[in-house]
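Report on the following structure.
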Amino acid sequence: MSRRDFHRATEAERRHDLIEATLDCIAEAGLQGATVRQIADKAGVTAGLIRHYFASKEVILQEAYKVLIARLTEKAKNLDGTPEERLSSFIFVNLTEPVANSRSLSLWAAFISRVSVDPALAAIHREGYLSFRQELEQLLADFFVARGVAADPVRDRTLAIAMNGILDGLWLEGCLAGELFGEGELVAIAFSSIEALIGHPIKAPTSTDMDREYRDALRIHHR
């Protein structure tokens with residue numbers, strides 16, 4: 001297990017480093033395997049220092065899940081360009097690295113297995129999902145307005161739910177068995193499916209745009 005550098009930093013930065021170490025441990029060993037001792041080893045600190053910042057293992061797991069969920073919403077908030085470009089980028093970044101990889105799948109599987117039996121994690125999941133969906137609804141609303149289509153919050157909500165389902169399904173397939181698909185195949189399927197769903201074409205990012213979005217996604221992921 002490699003260690004993170006736990007440098008001299010502010011309290012907020014130290015909490016952030018400990019949460020990142022926690023996510024690393026969960027990705028490697030699951031929730032049960034991510035013990036306070038292992039998190040301390042990963043961060044290069046003592047277990048006592050972790051307890052200084054977090055009252056219990058349950059608390060640091062909850063904070064780690066909040067960070068994981070929040071990063072999904074950040075993607076929607078940090079997209080640039082026209083409404084069509086932002087919607088296009090949103091589709092792309094949700095199906096490519098670093099969002100779609102084995103680490104992301106391991107983290108998702110570890111937490112989702114506990115959501116139905118842990119009220120605190122369930123509340124975090126619900127809040128994160130609603131925030132993510134609201135951002136997607138706004139992306140769709142802006143897209144339709146730019147196309148001269150009348151505003152319709154009910155339509156946007158329905159489409160956001162359906163679009164999220166398409167992306168989730170393709171993301172899961174890509175993470176579980178990416179070798180079964182050609183390069184860019186799942187992204188192309190996503191665009192054609194969502195275009196059919198919303199009744200409007202969406203210009204997919206160019207190769208240059210994809211490289212930029214990949215770098216942006218990495219920057220957001222490692223904040």
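Within each chain, counting starts at residue 1; across the structure tokens, chains are named A, B, ... in the order shown, with ligands numbered 1 upward in that order.
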Write out as a ChimeraX atom specification which residues come within 9 Å of Ile198 in chain A when counting only C-alpha atoms, dropping same-chain ones fewer than 3 positions away. /A:159,163,193-195,201
Output the selection as a PDB file, in the first residue's frame - all heavy atoms for each residue.
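And here is the file that came out, out.pdb:
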ATOM      1  N   LEU A 159     -36.560  14.295 -18.333  1.00  0.00           N
ATOM      2  CA  LEU A 159     -35.439  13.977 -19.202  1.00  0.00           C
ATOM      3  C   LEU A 159     -34.149  13.787 -18.403  1.00  0.00           C
ATOM      4  O   LEU A 159     -33.322  12.933 -18.747  1.00  0.00           O
ATOM      5  CB  LEU A 159     -35.244  15.079 -20.247  1.00  0.00           C
ATOM      6  CG  LEU A 159     -36.332  15.172 -21.326  1.00  0.00           C
ATOM      7  CD1 LEU A 159     -36.054  16.355 -22.249  1.00  0.00           C
ATOM      8  CD2 LEU A 159     -36.391  13.880 -22.137  1.00  0.00           C
ATOM      9  N   MET A 163     -31.978  10.556 -18.687  1.00  0.00           N
ATOM     10  CA  MET A 163     -30.608  10.726 -19.167  1.00  0.00           C
ATOM     11  C   MET A 163     -29.608  10.192 -18.146  1.00  0.00           C
ATOM     12  O   MET A 163     -28.623   9.536 -18.509  1.00  0.00           O
ATOM     13  CB  MET A 163     -30.346  12.205 -19.451  1.00  0.00           C
ATOM     14  CG  MET A 163     -28.976  12.512 -19.998  1.00  0.00           C
ATOM     15  SD  MET A 163     -28.869  14.256 -20.474  1.00  0.00           S
ATOM     16  CE  MET A 163     -27.088  14.437 -20.635  1.00  0.00           C
ATOM     17  N   SER A 193     -28.347   7.897 -28.137  1.00  0.00           N
ATOM     18  CA  SER A 193     -29.497   7.588 -27.284  1.00  0.00           C
ATOM     19  C   SER A 193     -30.103   8.859 -26.691  1.00  0.00           C
ATOM     20  O   SER A 193     -31.335   9.013 -26.647  1.00  0.00           O
ATOM     21  CB  SER A 193     -29.078   6.641 -26.158  1.00  0.00           C
ATOM     22  OG  SER A 193     -28.589   5.426 -26.661  1.00  0.00           O
ATOM     23  N   ILE A 194     -29.242   9.763 -26.243  1.00  0.00           N
ATOM     24  CA  ILE A 194     -29.738  10.992 -25.610  1.00  0.00           C
ATOM     25  C   ILE A 194     -30.330  11.924 -26.659  1.00  0.00           C
ATOM     26  O   ILE A 194     -31.328  12.612 -26.407  1.00  0.00           O
ATOM     27  CB  ILE A 194     -28.605  11.661 -24.806  1.00  0.00           C
ATOM     28  CG1 ILE A 194     -28.272  10.781 -23.586  1.00  0.00           C
ATOM     29  CG2 ILE A 194     -29.017  13.059 -24.350  1.00  0.00           C
ATOM     30  CD1 ILE A 194     -27.039  11.206 -22.841  1.00  0.00           C
ATOM     31  N   GLU A 195     -29.745  11.951 -27.844  1.00  0.00           N
ATOM     32  CA  GLU A 195     -30.337  12.743 -28.925  1.00  0.00           C
ATOM     33  C   GLU A 195     -31.755  12.251 -29.235  1.00  0.00           C
ATOM     34  O   GLU A 195     -32.675  13.059 -29.422  1.00  0.00           O
ATOM     35  CB  GLU A 195     -29.464  12.655 -30.183  1.00  0.00           C
ATOM     36  CG  GLU A 195     -28.176  13.453 -30.089  1.00  0.00           C
ATOM     37  CD  GLU A 195     -27.278  13.242 -31.300  1.00  0.00           C
ATOM     38  OE1 GLU A 195     -27.480  12.246 -32.035  1.00  0.00           O
ATOM     39  OE2 GLU A 195     -26.396  14.085 -31.512  1.00  0.00           O
ATOM     40  N   PRO A 201     -30.363  17.097 -31.981  1.00  0.00           N
ATOM     41  CA  PRO A 201     -28.970  16.639 -32.124  1.00  0.00           C
ATOM     42  C   PRO A 201     -28.064  17.365 -31.135  1.00  0.00           C
ATOM     43  O   PRO A 201     -28.331  18.506 -30.742  1.00  0.00           O
ATOM     44  CB  PRO A 201     -28.629  17.008 -33.571  1.00  0.00           C
ATOM     45  CG  PRO A 201     -29.510  18.187 -33.867  1.00  0.00           C
ATOM     46  CD  PRO A 201     -30.804  17.921 -33.130  1.00  0.00           C
TER      47      PRO A 201
END
Mind checking DSSP for range 142-176 of chain A and telling me the helix (DSSP H, G or I) residues as a list in words?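 Reading the DSSP output for range 142-176 of chain A, helix (DSSP H, G or I) covers Asp142, Phe143, Phe144, Val145, Ala146, Pro153, Val154, Arg155, Asp156, Arg157, Thr158, Leu159, Ala160, Ile161, Ala162, Met163, Asn164, Gly165, Ile166, Leu167, Asp168, Gly169, Leu170, Trp171, Leu172, Glu173, Gly174, Cys175 and Leu176 of chain A.
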Residues at most 12 Å from Gly30 in chain A, counting only C-alpha atoms, excluding those fewer than 2 positions away in the same chain, as an NGL selection string? :A and (22-28 or 32-35 or 38-39 or 61 or 103 or 105-114)
Keeping only C-alpha atoms, take the residues you just selected and write them out as a PDB file, in the first residue's frame.
ATOM      1  CA  THR A  22      -9.657   7.010   3.098  1.00  0.00           C
ATOM      2  CA  LEU A  23     -10.933   6.864  -0.490  1.00  0.00           C
ATOM      3  CA  ASP A  24      -7.704   5.174  -1.563  1.00  0.00           C
ATOM      4  CA  CYS A  25      -8.112   2.545   1.156  1.00  0.00           C
ATOM      5  CA  ILE A  26     -11.761   1.935   0.287  1.00  0.00           C
ATOM      6  CA  ALA A  27     -10.894   1.522  -3.403  1.00  0.00           C
ATOM      7  CA  GLU A  28      -8.236  -1.032  -2.469  1.00  0.00           C
ATOM      8  CA  GLN A  32     -14.534  -3.091   6.008  1.00  0.00           C
ATOM      9  CA  GLY A  33     -10.905  -3.212   4.982  1.00  0.00           C
ATOM     10  CA  ALA A  34     -10.444   0.548   5.290  1.00  0.00           C
ATOM     11  CA  THR A  35      -9.550   0.512   8.986  1.00  0.00           C
ATOM     12  CA  GLN A  38      -4.766   1.442   7.322  1.00  0.00           C
ATOM     13  CA  ILE A  39      -5.981   4.975   6.641  1.00  0.00           C
ATOM     14  CA  LEU A  61     -16.477   7.273   5.860  1.00  0.00           C
ATOM     15  CA  ARG A 103     -11.213   2.828  -9.007  1.00  0.00           C
ATOM     16  CA  LEU A 105     -16.334   1.408  -9.745  1.00  0.00           C
ATOM     17  CA  SER A 106     -14.701   0.033  -6.580  1.00  0.00           C
ATOM     18  CA  LEU A 107     -15.649   3.136  -4.605  1.00  0.00           C
ATOM     19  CA  TRP A 108     -19.211   3.148  -5.942  1.00  0.00           C
ATOM     20  CA  ALA A 109     -19.703  -0.558  -5.208  1.00  0.00           C
ATOM     21  CA  ALA A 110     -18.306  -0.227  -1.687  1.00  0.00           C
ATOM     22  CA  PHE A 111     -20.566   2.651  -0.698  1.00  0.00           C
ATOM     23  CA  ILE A 112     -23.707   1.596  -2.553  1.00  0.00           C
ATOM     24  CA  SER A 113     -23.687  -1.732  -0.733  1.00  0.00           C
ATOM     25  CA  ARG A 114     -24.156   0.143   2.539  1.00  0.00           C
TER      26      ARG A 114
END
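Distance-wise, CA of Gly174 in chain A and CA of Ser102 in chain A end up 9.4 Å apart.
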Smallest atom-to-atom distance to Leu172 in chain A: which of A:Gln62, A:Gly128, A:Asp156, A:Ala100, using only C-alpha atoms? A:Ala100
